[in-house]
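Participant: Following this line is work-v9.pdb, made up of PDB, C-alpha atoms and all ligand atoms:
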ATOM      1  CA  MET S  38      31.531  -9.510   2.004  1.00  0.00           C
ATOM      2  CA  SER S  39      30.178  -6.932   4.419  1.00  0.00           C
ATOM      3  CA  ASP S  40      29.094  -4.205   1.972  1.00  0.00           C
ATOM      4  CA  THR S  41      25.459  -3.164   1.820  1.00  0.00           C
ATOM      5  CA  VAL S  42      23.274  -1.297  -0.659  1.00  0.00           C
ATOM      6  CA  PHE S  43      20.087  -0.075   1.035  1.00  0.00           C
ATOM      7  CA  ILE S  44      16.746   1.559   0.312  1.00  0.00           C
ATOM      8  CA  ARG S  45      14.731   3.317   3.023  1.00  0.00           C
ATOM      9  CA  GLU S  46      11.013   4.073   3.211  1.00  0.00           C
ATOM     10  CA  LEU S  47      10.225   3.173  -0.378  1.00  0.00           C
ATOM     11  CA  ARG S  48       6.510   3.864  -0.932  1.00  0.00           C
ATOM     12  CA  ILE S  49       4.774   0.839  -2.438  1.00  0.00           C
ATOM     13  CA  ASP S  50       1.178   1.148  -3.659  1.00  0.00           C
ATOM     14  CA  THR S  51      -0.747  -2.112  -3.829  1.00  0.00           C
ATOM     15  CA  VAL S  52      -3.998  -3.893  -3.065  1.00  0.00           C
ATOM     16  CA  ILE S  53      -3.338  -5.822   0.145  1.00  0.00           C
ATOM     17  CA  GLY S  54      -5.304  -7.059   3.134  1.00  0.00           C
ATOM     18  CA  VAL S  55      -7.522  -9.751   4.547  1.00  0.00           C
ATOM     19  CA  TYR S  56     -10.742  -7.750   4.861  1.00  0.00           C
ATOM     20  CA  GLU S  57     -13.281  -7.273   2.072  1.00  0.00           C
ATOM     21  CA  TRP S  58     -12.916  -3.462   2.002  1.00  0.00           C
ATOM     22  CA  GLU S  59      -9.164  -3.868   1.544  1.00  0.00           C
ATOM     23  CA  ARG S  60      -9.748  -5.722  -1.727  1.00  0.00           C
ATOM     24  CA  GLN S  61     -11.340  -2.559  -3.165  1.00  0.00           C
ATOM     25  CA  VAL S  62      -8.636   0.032  -2.435  1.00  0.00           C
ATOM     26  CA  GLN S  63      -4.949   0.683  -2.909  1.00  0.00           C
ATOM     27  CA  GLN S  64      -2.852   1.101   0.229  1.00  0.00           C
ATOM     28  CA  THR S  65       0.652   2.426   0.624  1.00  0.00           C
ATOM     29  CA  LEU S  66       3.286   0.246   2.288  1.00  0.00           C
ATOM     30  CA  LEU S  67       6.785   1.350   3.279  1.00  0.00           C
ATOM     31  CA  LEU S  68       9.797  -0.815   2.510  1.00  0.00           C
ATOM     32  CA  ASP S  69      13.287  -0.806   4.000  1.00  0.00           C
ATOM     33  CA  ILE S  70      15.790  -3.213   2.483  1.00  0.00           C
ATOM     34  CA  ASP S  71      19.470  -3.961   3.103  1.00  0.00           C
ATOM     35  CA  MET S  72      21.169  -5.959   0.334  1.00  0.00           C
ATOM     36  CA  CYS S  73      24.580  -7.545   0.370  1.00  0.00           C
ATOM     37  CA  ALA S  74      26.587  -6.178  -2.575  1.00  0.00           C
ATOM     38  CA  ASP S  75      30.132  -5.630  -3.741  1.00  0.00           C
ATOM     39  CA  VAL S  76      30.341  -1.858  -3.436  1.00  0.00           C
ATOM     40  CA  ALA S  77      33.988  -1.890  -4.541  1.00  0.00           C
ATOM     41  CA  ALA S  78      33.037  -3.273  -7.985  1.00  0.00           C
ATOM     42  CA  GLY S  79      30.912  -0.233  -8.825  1.00  0.00           C
ATOM     43  CA  ALA S  80      33.413   2.122  -7.264  1.00  0.00           C
ATOM     44  CA  ALA S  81      36.241   0.687  -9.369  1.00  0.00           C
ATOM     45  CA  THR S  82      34.570   1.541 -12.701  1.00  0.00           C
ATOM     46  CA  ASP S  83      32.164   4.298 -11.604  1.00  0.00           C
ATOM     47  CA  LYS S  84      29.497   2.602 -13.777  1.00  0.00           C
ATOM     48  CA  VAL S  85      26.012   1.690 -12.551  1.00  0.00           C
ATOM     49  CA  GLU S  86      26.192  -1.523 -14.612  1.00  0.00           C
ATOM     50  CA  ASP S  87      28.808  -2.751 -12.157  1.00  0.00           C
ATOM     51  CA  ALA S  88      26.763  -1.794  -9.099  1.00  0.00           C
ATOM     52  CA  LEU S  89      23.608  -3.157  -7.533  1.00  0.00           C
ATOM     53  CA  ASP S  90      21.267  -0.517  -8.977  1.00  0.00           C
ATOM     54  CA  TYR S  91      18.969   0.584  -6.123  1.00  0.00           C
ATOM     55  CA  SER S  92      16.856   2.488  -8.630  1.00  0.00           C
ATOM     56  CA  ALA S  93      16.226  -0.639 -10.703  1.00  0.00           C
ATOM     57  CA  VAL S  94      15.394  -2.640  -7.562  1.00  0.00           C
ATOM     58  CA  SER S  95      12.921   0.037  -6.418  1.00  0.00           C
ATOM     59  CA  ASP S  96      11.207   0.198  -9.811  1.00  0.00           C
ATOM     60  CA  ARG S  97      10.912  -3.576 -10.054  1.00  0.00           C
ATOM     61  CA  LEU S  98       9.415  -3.956  -6.566  1.00  0.00           C
ATOM     62  CA  ARG S  99       6.890  -1.190  -7.226  1.00  0.00           C
ATOM     63  CA  GLN S 100       5.993  -2.778 -10.550  1.00  0.00           C
ATOM     64  CA  TYR S 101       5.512  -6.193  -8.921  1.00  0.00           C
ATOM     65  CA  ALA S 102       3.270  -4.747  -6.202  1.00  0.00           C
ATOM     66  CA  ALA S 103       1.190  -2.828  -8.747  1.00  0.00           C
ATOM     67  CA  GLU S 104       0.580  -5.987 -10.792  1.00  0.00           C
ATOM     68  CA  ASN S 105      -0.029  -8.446  -7.942  1.00  0.00           C
ATOM     69  CA  SER S 106      -2.344  -8.536  -4.973  1.00  0.00           C
ATOM     70  CA  VAL S 107      -1.965 -10.623  -1.810  1.00  0.00           C
ATOM     71  CA  GLN S 108      -3.638 -10.711   1.577  1.00  0.00           C
ATOM     72  CA  LEU S 109      -0.723 -10.723   4.035  1.00  0.00           C
ATOM     73  CA  VAL S 110       2.337  -8.519   4.356  1.00  0.00           C
ATOM     74  CA  GLU S 111       4.206 -11.766   5.055  1.00  0.00           C
ATOM     75  CA  THR S 112       3.366 -13.023   1.545  1.00  0.00           C
ATOM     76  CA  LEU S 113       4.505  -9.844  -0.174  1.00  0.00           C
ATOM     77  CA  ALA S 114       7.697  -9.702   1.902  1.00  0.00           C
ATOM     78  CA  GLU S 115       8.595 -13.278   0.898  1.00  0.00           C
ATOM     79  CA  ARG S 116       7.867 -12.579  -2.764  1.00  0.00           C
ATOM     80  CA  PHE S 117       9.956  -9.407  -2.677  1.00  0.00           C
ATOM     81  CA  ALA S 118      12.840 -11.303  -1.081  1.00  0.00           C
ATOM     82  CA  SER S 119      12.726 -14.063  -3.713  1.00  0.00           C
ATOM     83  CA  LEU S 120      12.460 -11.548  -6.557  1.00  0.00           C
ATOM     84  CA  VAL S 121      15.456  -9.499  -5.410  1.00  0.00           C
ATOM     85  CA  ARG S 122      17.584 -12.561  -4.720  1.00  0.00           C
ATOM     86  CA  GLU S 123      16.809 -14.170  -8.079  1.00  0.00           C
ATOM     87  CA  GLU S 124      16.583 -11.193 -10.469  1.00  0.00           C
ATOM     88  CA  PHE S 125      19.373  -9.102  -8.943  1.00  0.00           C
ATOM     89  CA  ARG S 126      21.516 -12.010  -7.729  1.00  0.00           C
ATOM     90  CA  VAL S 127      21.569 -10.798  -4.151  1.00  0.00           C
ATOM     91  CA  SER S 128      22.896 -13.497  -1.836  1.00  0.00           C
ATOM     92  CA  TRP S 129      21.626 -11.972   1.422  1.00  0.00           C
ATOM     93  CA  LEU S 130      19.041  -9.398   2.332  1.00  0.00           C
ATOM     94  CA  ARG S 131      17.073  -8.032   5.262  1.00  0.00           C
ATOM     95  CA  LEU S 132      13.702  -6.551   4.444  1.00  0.00           C
ATOM     96  CA  ARG S 133      11.212  -4.592   6.566  1.00  0.00           C
ATOM     97  CA  LEU S 134       7.719  -4.139   5.162  1.00  0.00           C
ATOM     98  CA  CYS S 135       5.420  -1.762   7.070  1.00  0.00           C
ATOM     99  CA  LYS S 136       1.689  -1.141   6.753  1.00  0.00           C
ATOM    100  CA  PRO S 137       1.281   2.264   8.388  1.00  0.00           C
ATOM    101  CA  GLY S 138      -2.020   2.943  10.114  1.00  0.00           C
ATOM    102  CA  ALA S 139      -3.303  -0.627   9.760  1.00  0.00           C
ATOM    103  CA  VAL S 140      -3.888  -0.974  13.499  1.00  0.00           C
ATOM    104  CA  ALA S 141      -5.603   1.763  15.506  1.00  0.00           C
ATOM    105  CA  GLY S 142      -3.251   3.046  18.183  1.00  0.00           C
ATOM    106  CA  ALA S 143      -0.104   1.859  16.416  1.00  0.00           C
ATOM    107  CA  ARG S 144       1.961   3.935  13.998  1.00  0.00           C
ATOM    108  CA  ASP S 145       3.199   0.941  12.078  1.00  0.00           C
ATOM    109  CA  VAL S 146       2.799  -2.797  11.833  1.00  0.00           C
ATOM    110  CA  GLY S 147       4.574  -5.229   9.535  1.00  0.00           C
ATOM    111  CA  VAL S 148       7.280  -7.831   9.200  1.00  0.00           C
ATOM    112  CA  ILE S 149      11.055  -8.053   9.091  1.00  0.00           C
ATOM    113  CA  ILE S 150      12.662 -10.986   7.291  1.00  0.00           C
ATOM    114  CA  GLU S 151      16.254 -11.951   6.555  1.00  0.00           C
ATOM    115  CA  ARG S 152      17.008 -14.398   3.754  1.00  0.00           C
ATOM    116  CA  GLY S 153      20.176 -15.983   2.368  1.00  0.00           C
ATOM    117  CA  GLU S 154      23.782 -16.006   3.530  1.00  0.00           C
ATOM    118  CA  ARG S 155      26.449 -13.359   3.362  1.00  0.00           C
ATOM    119  CA  PRO S 156      29.307 -14.697   1.225  1.00  0.00           C
TER     120      PRO S 156
HETATM  121  N1  LIG S 201       0.503 -10.985  10.647  1.00  0.00           N
HETATM  122  C1  LIG S 201      -0.457 -10.271   9.963  1.00  0.00           C
HETATM  123  N2  LIG S 201      -1.566  -9.922  10.601  1.00  0.00           N
HETATM  124  C2  LIG S 201      -2.510  -9.240   9.940  1.00  0.00           C
HETATM  125  C3  LIG S 201      -2.326  -8.868   8.601  1.00  0.00           C
HETATM  126  C4  LIG S 201      -1.137  -9.245   7.961  1.00  0.00           C
HETATM  127  O1  LIG S 201      -0.885  -8.960   6.773  1.00  0.00           O
HETATM  128  N3  LIG S 201      -0.205  -9.938   8.664  1.00  0.00           N
HETATM  129  N4  LIG S 201      -3.286  -8.124   7.959  1.00  0.00           N
HETATM  130  C5  LIG S 201      -4.384  -7.743   8.574  1.00  0.00           C
HETATM  131  C6  LIG S 201      -5.341  -6.853   7.909  1.00  0.00           C
HETATM  132  O2  LIG S 201      -5.246  -6.876   6.516  1.00  0.00           O
HETATM  133  C7  LIG S 201      -5.059  -5.467   8.493  1.00  0.00           C
HETATM  134  O3  LIG S 201      -3.840  -4.960   7.996  1.00  0.00           O
HETATM  135  C8  LIG S 201      -6.159  -4.482   8.250  1.00  0.00           C
HETATM  136  O4  LIG S 201      -6.089  -3.427   9.153  1.00  0.00           O
HETATM  137  C9  LIG S 201      -4.704  -8.120   9.950  1.00  0.00           C
HETATM  138  N5  LIG S 201      -3.646  -8.884  10.584  1.00  0.00           N
END
For the file at hand, write its structure as structure tokens.
Ligand SMILES: Nc1nc2c(c(=O)[nH]1)N=C([C@H](O)[C@@H](O)CO)CN2

Facilitator:
Amino acid sequence: MSDTVFIRELRIDTVIGVYEWERQVQQTLLLDIDMCADVAAGAATDKVEDALDYSAVSDRLRQYAAENSVQLVETLAERFASLVREEFRVSWLRLRLCKPGAVAGARDVGVIIERGERP
């Protein structure tokens, strides 16, 4: 299956970072995610129940980040990938998690991971 449901530049507020001051504040990350999905299934019925609901995915990821704190963007990216694959039954995804402004002189830093297999 080559269909994709995507989310771009989702703002994620969380406590994240390795330095002491970062444990005291919330920071905003940006998430891009591409998820393998059967777009035809939703199109056939025109019902969100038959689609991969990008709104539900966004809400769940924001909820997870609000309730959990980690040090590395790598850790949060891996947890997001596992959560989406398990809770939304997504067989393959590519995820880009950015921490804007974290490094002086760079607009963005972060990680890109790809997990699973396309059916
Ligand atoms: N590969 C990583 N390097 C660094 C991370 C990270 O999450 N992954 N984090 C930091 C600090 O928290 C930084 O973002 C503060 O500006 C440093 N390096």

Participant: Could you list, as a JSON list (two decimals) with C-alpha atoms, keeping the file's coordinate frame, all protein and nucleic acid residues with an atom at most 12 Å from ligand LIG 201 (chain S), counting all atoms listed in the file?

Facilitator:
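File out.json, as written:
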[["chain", "number", "residue", "atom", "x", "y", "z"],
["S", 52, "VAL", "CA", -4.00, -3.89, -3.06],
["S", 53, "ILE", "CA", -3.34, -5.82, 0.14],
["S", 54, "GLY", "CA", -5.30, -7.06, 3.13],
["S", 55, "VAL", "CA", -7.52, -9.75, 4.55],
["S", 56, "TYR", "CA", -10.74, -7.75, 4.86],
["S", 57, "GLU", "CA", -13.28, -7.27, 2.07],
["S", 58, "TRP", "CA", -12.92, -3.46, 2.00],
["S", 59, "GLU", "CA", -9.16, -3.87, 1.54],
["S", 60, "ARG", "CA", -9.75, -5.72, -1.73],
["S", 62, "VAL", "CA", -8.64, 0.03, -2.44],
["S", 64, "GLN", "CA", -2.85, 1.10, 0.23],
["S", 65, "THR", "CA", 0.65, 2.43, 0.62],
["S", 66, "LEU", "CA", 3.29, 0.25, 2.29],
["S", 106, "SER", "CA", -2.34, -8.54, -4.97],
["S", 107, "VAL", "CA", -1.96, -10.62, -1.81],
["S", 108, "GLN", "CA", -3.64, -10.71, 1.58],
["S", 109, "LEU", "CA", -0.72, -10.72, 4.04],
["S", 110, "VAL", "CA", 2.34, -8.52, 4.36],
["S", 111, "GLU", "CA", 4.21, -11.77, 5.06],
["S", 112, "THR", "CA", 3.37, -13.02, 1.54],
["S", 113, "LEU", "CA", 4.50, -9.84, -0.17],
["S", 114, "ALA", "CA", 7.70, -9.70, 1.90],
["S", 115, "GLU", "CA", 8.60, -13.28, 0.90],
["S", 134, "LEU", "CA", 7.72, -4.14, 5.16],
["S", 135, "CYS", "CA", 5.42, -1.76, 7.07],
["S", 136, "LYS", "CA", 1.69, -1.14, 6.75],
["S", 137, "PRO", "CA", 1.28, 2.26, 8.39],
["S", 138, "GLY", "CA", -2.02, 2.94, 10.11],
["S", 139, "ALA", "CA", -3.30, -0.63, 9.76],
["S", 140, "VAL", "CA", -3.89, -0.97, 13.50],
["S", 141, "ALA", "CA", -5.60, 1.76, 15.51],
["S", 142, "GLY", "CA", -3.25, 3.05, 18.18],
["S", 143, "ALA", "CA", -0.10, 1.86, 16.42],
["S", 144, "ARG", "CA", 1.96, 3.94, 14.00],
["S", 145, "ASP", "CA", 3.20, 0.94, 12.08],
["S", 146, "VAL", "CA", 2.80, -2.80, 11.83],
["S", 147, "GLY", "CA", 4.57, -5.23, 9.54],
["S", 148, "VAL", "CA", 7.28, -7.83, 9.20],
["S", 149, "ILE", "CA", 11.06, -8.05, 9.09]]

Participant: So, with only C-alpha atoms as the atoms that count, which of S:Ile150, S:Val121, S:Val42, S:Ala93 lies closest to S:Gly79?

Facilitator: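 Among the listed residues, the smallest separation from S:Gly79 belongs to S:Val42.
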
Participant: Please provide the set of residues having any atom within 7 Å of stretch 100-105 of chain S, restricted to all atoms listed in the file, with same-chain residues fewer than 6 positions apart removed, written as a ChimeraX atom specification.

Facilitator: /S:49-51

Participant: State, in Å with one decimal place, the distance from atom CA of S:Arg133 to atom CA of S:Asp83.

Facilitator: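 That distance, rounded to one decimal, is 29.1 Å.
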
Participant: Quick one: 8 Å padding each side, axis-aligned, all listed atoms of stretch 139-143 of chain S - centre and edge lengths in Å to one decimal, as lines of an AutoDock Vina configuration file?

Facilitator:
center_x = -2.9
center_y = 1.0
center_z = 14.0
size_x = 21.5
size_y = 20.0
size_z = 24.4

Participant: Expanded to explicit residues, what is the PyMOL selection byres (((chain S and resi 76) around 9) and not hetatm) for this file, as a list in words?

Facilitator: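 The output of the PyMOL selection byres (((chain S and resi 76) around 9) and not hetatm) on this file is Asp40, Thr41, Val42, Cys73, Ala74, Asp75, Ala77, Ala78, Gly79, Ala80, Ala81, Asp87, Ala88 and Leu89 of chain S.
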
Participant: Keeping C-alpha atoms, export the residues of the selection given above as a short mmCIF file (atom, residue, chain, number, x, y, z; two decimals), in the coordinates of the input.

Facilitator:
data_model
loop_
_atom_site.label_atom_id
_atom_site.label_comp_id
_atom_site.auth_asym_id
_atom_site.auth_seq_id
_atom_site.Cartn_x
_atom_site.Cartn_y
_atom_site.Cartn_z
CA ASP S 40 29.09 -4.20 1.97
CA THR S 41 25.46 -3.16 1.82
CA VAL S 42 23.27 -1.30 -0.66
CA CYS S 73 24.58 -7.54 0.37
CA ALA S 74 26.59 -6.18 -2.58
CA ASP S 75 30.13 -5.63 -3.74
CA ALA S 77 33.99 -1.89 -4.54
CA ALA S 78 33.04 -3.27 -7.98
CA GLY S 79 30.91 -0.23 -8.82
CA ALA S 80 33.41 2.12 -7.26
CA ALA S 81 36.24 0.69 -9.37
CA ASP S 87 28.81 -2.75 -12.16
CA ALA S 88 26.76 -1.79 -9.10
CA LEU S 89 23.61 -3.16 -7.53
#

Participant: May I ask which of the residues S:Arg116, S:Arg45, S:Arg99, S:Arg122 is the closest one to S:Asp71, counting all atoms listed in the file?

Facilitator: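 Smallest distance to S:Asp71 is found for S:Arg45.
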